[in-house]
Amino acid sequence: MSRKWILFFIVVALVELLLLRLGYWQYNRMHEKDTLKAEFMASLPERTQVLNGVFDHSREVVLESQKYRNLYGYRVLTPLVMGEREIIVDRGWVPRSFEKDFLLGYHAVGTHTVEGVVRDVPKAKQTWFKGSEVGAEGAATVLQLLILDNIPKDPNIQRVEGQYLQATKATAPKIKAFFVEPEGGAKHKEYMLTWWTLAFILPILSLLLWFKRKREDKPVHTQ
């Protein structure tokens, strides 16, 4: 075997190891996500709470690019003030709008009983900008990622840190409140199968290429 082909198969072996390693990484991520989902669903009875308080709409924000059926819109995030404490409530989904004060139609005035599930705030894997404002004169602040620190605080009220309440019943007539299950490992399973399929195909294609070139380079004997 020539030096060129030796180098070629060394490169193929290194790429093969990389593909296998990527597939194994996604395998671990799949089991990690499935385990976290199973633990969350098992703790659902303890996480389900009924809270009483007043919504502070002056510090209300919306979360961008949230899906409901085949539509994209916002999730409305509002502090629920319970005396000297507050928790951020994901009140539900509303359609996207660029009208001034469009959130006024979703306000819940007075004391409310809110039923929902306490969830941990997802950890940010990278730096995201705070967001932008939509509507004339900044009708609402739009967040690109659920980061509680980007929701204004009241210095006189203690906020529940690291958790929020996902409402399971509507707090206003037009808001679509529904429970969203944690994401499992299905996406990582697809990635795992993709990497391992490539790892399976690569050596086969490499050998086919080698045999093809070997036959082409073989001298033809004439009689």
# chains A, B, ... in the order shown; residues from 1 in each chain; ligands from 1
call {"tool": "residues_around", "arguments": {"residues": "range 183-198 of chain A", "least_positions_apart": "3", "cutoff": "9 Å", "atoms": "only C-alpha atoms", "output": "PyMOL selection string"}}
result
chain A and resi 16+19-38+180+201-202
call {"tool": "residues_around", "arguments": {"residues": "Arg59 in chain A", "least_positions_apart": "3", "cutoff": "9 Å", "atoms": "only C-alpha atoms", "output": "VMD selection string"}}
result
chain A and resid 56 77 to 79 151 to 154
call {"tool": "write_last_selection", "arguments": {"atoms": "N, CA, C and O atoms", "output": "compact mmCIF listing (two decimals), in the first residue's frame"}}
result
# COMPACT_ATOMS: atom_id res chain seq x y z
N ASP A 56 -48.72 42.15 38.80
CA ASP A 56 -48.16 43.47 38.57
C ASP A 56 -47.88 43.61 37.09
O ASP A 56 -46.81 43.25 36.58
N LEU A 77 -45.36 36.76 30.62
CA LEU A 77 -44.70 36.54 31.91
C LEU A 77 -45.00 37.72 32.83
O LEU A 77 -44.62 38.85 32.53
N THR A 78 -45.68 37.46 33.95
CA THR A 78 -46.13 38.52 34.84
C THR A 78 -45.79 38.18 36.28
O THR A 78 -46.04 37.04 36.72
N PRO A 79 -45.22 39.11 37.04
CA PRO A 79 -44.99 38.87 38.47
C PRO A 79 -46.31 38.76 39.22
O PRO A 79 -47.21 39.60 39.06
N ILE A 151 -36.44 40.49 33.89
CA ILE A 151 -37.76 40.98 34.26
C ILE A 151 -37.59 41.93 35.43
O ILE A 151 -37.00 41.55 36.45
N PRO A 152 -38.05 43.18 35.32
CA PRO A 152 -37.81 44.17 36.39
C PRO A 152 -38.25 43.68 37.76
O PRO A 152 -39.26 42.99 37.90
N LYS A 153 -37.46 44.06 38.78
CA LYS A 153 -37.77 43.70 40.16
C LYS A 153 -38.29 44.90 40.94
O LYS A 153 -37.98 46.04 40.62
N ASP A 154 -39.05 44.61 41.97
CA ASP A 154 -39.47 45.62 42.93
C ASP A 154 -38.56 45.45 44.15
O ASP A 154 -38.53 44.36 44.75
call {"tool": "residues_around", "arguments": {"residues": "Val121 in chain A", "least_positions_apart": "5", "cutoff": "10 Å", "atoms": "only C-alpha atoms", "output": "list in words"}}
result
Leu146, Ile147, Leu148, Glu161, Gly162, Gln163, Tyr164 and Leu165 of chain A
call {"tool": "closest_residue", "arguments": {"among": "A:Phe9, A:Leu145, A:Ser2, A:Arg91", "to": "Leu63 in chain A", "atoms": "only C-alpha atoms"}}
result
A:Leu145
call {"tool": "residues_around", "arguments": {"residues": "range 94-96 of chain A", "least_positions_apart": "5", "cutoff": "9 Å", "atoms": "only C-alpha atoms", "output": "list of chain:residue names"}}
result
A:Glu64, A:Ser65, A:Gln66, A:Tyr68, A:Leu71, A:Tyr72, A:Gly73, A:Tyr74, A:Arg75, A:Val76, A:Tyr106, A:Lys174, A:Ile175, A:Lys176
call {"tool": "write_last_selection", "arguments": {"atoms": "N, CA, C and O atoms", "output": "mmCIF file, in the first residue's frame"}}
result
data_model
loop_
_atom_site.group_PDB
_atom_site.id
_atom_site.type_symbol
_atom_site.label_atom_id
_atom_site.label_comp_id
_atom_site.auth_asym_id
_atom_site.auth_seq_id
_atom_site.Cartn_x
_atom_site.Cartn_y
_atom_site.Cartn_z
ATOM 1 N N GLU A 64 -40.581 35.593 23.293
ATOM 2 C CA GLU A 64 -40.753 35.527 21.838
ATOM 3 C C GLU A 64 -40.701 34.096 21.304
ATOM 4 O O GLU A 64 -40.181 33.178 21.943
ATOM 5 N N SER A 65 -41.275 33.922 20.107
ATOM 6 C CA SER A 65 -41.180 32.684 19.305
ATOM 7 C C SER A 65 -41.699 31.458 20.053
ATOM 8 O O SER A 65 -41.052 30.414 20.081
ATOM 9 N N GLN A 66 -42.882 31.595 20.642
ATOM 10 C CA GLN A 66 -43.508 30.490 21.350
ATOM 11 C C GLN A 66 -44.636 29.924 20.500
ATOM 12 O O GLN A 66 -45.456 30.666 19.968
ATOM 13 N N TYR A 68 -48.001 27.670 19.505
ATOM 14 C CA TYR A 68 -49.289 27.116 19.930
ATOM 15 C C TYR A 68 -49.944 26.536 18.684
ATOM 16 O O TYR A 68 -50.291 27.259 17.749
ATOM 17 N N LEU A 71 -49.157 28.048 15.176
ATOM 18 C CA LEU A 71 -48.967 29.488 15.207
ATOM 19 C C LEU A 71 -47.837 29.859 16.153
ATOM 20 O O LEU A 71 -47.570 29.155 17.128
ATOM 21 N N TYR A 72 -47.181 30.985 15.861
ATOM 22 C CA TYR A 72 -46.135 31.502 16.729
ATOM 23 C C TYR A 72 -46.595 32.817 17.335
ATOM 24 O O TYR A 72 -47.228 33.640 16.677
ATOM 25 N N GLY A 73 -46.274 32.985 18.612
ATOM 26 C CA GLY A 73 -46.651 34.206 19.311
ATOM 27 C C GLY A 73 -45.782 34.406 20.532
ATOM 28 O O GLY A 73 -44.579 34.126 20.500
ATOM 29 N N TYR A 74 -46.388 34.854 21.619
ATOM 30 C CA TYR A 74 -45.662 35.154 22.851
ATOM 31 C C TYR A 74 -46.190 34.306 24.008
ATOM 32 O O TYR A 74 -47.339 33.859 23.992
ATOM 33 N N ARG A 75 -45.354 34.138 25.030
ATOM 34 C CA ARG A 75 -45.796 33.680 26.341
ATOM 35 C C ARG A 75 -45.752 34.900 27.247
ATOM 36 O O ARG A 75 -44.746 35.612 27.286
ATOM 37 N N VAL A 76 -46.836 35.162 27.960
ATOM 38 C CA VAL A 76 -46.929 36.344 28.819
ATOM 39 C C VAL A 76 -46.369 36.012 30.197
ATOM 40 O O VAL A 76 -46.840 35.079 30.866
ATOM 41 N N TYR A 106 -55.213 41.465 27.879
ATOM 42 C CA TYR A 106 -54.934 40.225 28.605
ATOM 43 C C TYR A 106 -54.701 40.459 30.095
ATOM 44 O O TYR A 106 -54.309 39.541 30.805
ATOM 45 N N LYS A 174 -58.657 35.513 26.924
ATOM 46 C CA LYS A 174 -58.049 35.265 25.620
ATOM 47 C C LYS A 174 -56.687 34.565 25.694
ATOM 48 O O LYS A 174 -56.097 34.270 24.656
ATOM 49 N N ILE A 175 -56.199 34.307 26.882
ATOM 50 C CA ILE A 175 -54.881 33.674 27.024
ATOM 51 C C ILE A 175 -55.033 32.158 26.967
ATOM 52 O O ILE A 175 -55.916 31.589 27.611
ATOM 53 N N LYS A 176 -54.165 31.520 26.183
ATOM 54 C CA LYS A 176 -54.162 30.060 26.081
ATOM 55 C C LYS A 176 -53.168 29.499 27.100
ATOM 56 O O LYS A 176 -51.955 29.532 26.890
#
call {"tool": "closest_residue", "arguments": {"among": "A:Asn156, A:Asn150, A:Gln166, A:Thr171", "to": "Val117 in chain A", "atoms": "only C-alpha atoms"}}
result
A:Gln166
call {"tool": "select_by_dssp", "arguments": {"residues": "range 32-128 of chain A", "states": "helix (DSSP H, G or I)", "output": "PyMOL selection string"}}
result
chain A and resi 32-42+44-47+57-59+102-106
call {"tool": "select_by_dssp", "arguments": {"residues": "range 69-205 of chain A", "states": "strand (DSSP E or B)", "output": "VMD selection string"}}
result
chain A and resid 71 to 82 85 to 95 111 to 120 131 to 134 140 to 143 158 to 159 163 to 167 176
call {"tool": "atom_distance", "arguments": {"atom1": "CA of Thr141 in chain A", "atom2": "CA of Leu104 in chain A"}}
result
13.7 Å
call {"tool": "closest_residue", "arguments": {"among": "A:Ile157, A:Leu14, A:Val89, A:Leu205", "to": "Ala170 in chain A", "atoms": "only C-alpha atoms"}}
result
A:Val89
call {"tool": "atom_distance", "arguments": {"atom1": "CA of Pro155 in chain A", "atom2": "CA of Gly83 in chain A"}}
result
13.1 Å
call {"tool": "atom_distance", "arguments": {"atom1": "CA of Ala199 in chain A", "atom2": "CA of Lys212 in chain A"}}
result
20.7 Å
call {"tool": "closest_residue", "arguments": {"among": "A:Ala172, A:Leu143, A:Val81, A:Ala167", "to": "His107 in chain A", "atoms": "only C-alpha atoms"}}
result
A:Ala172
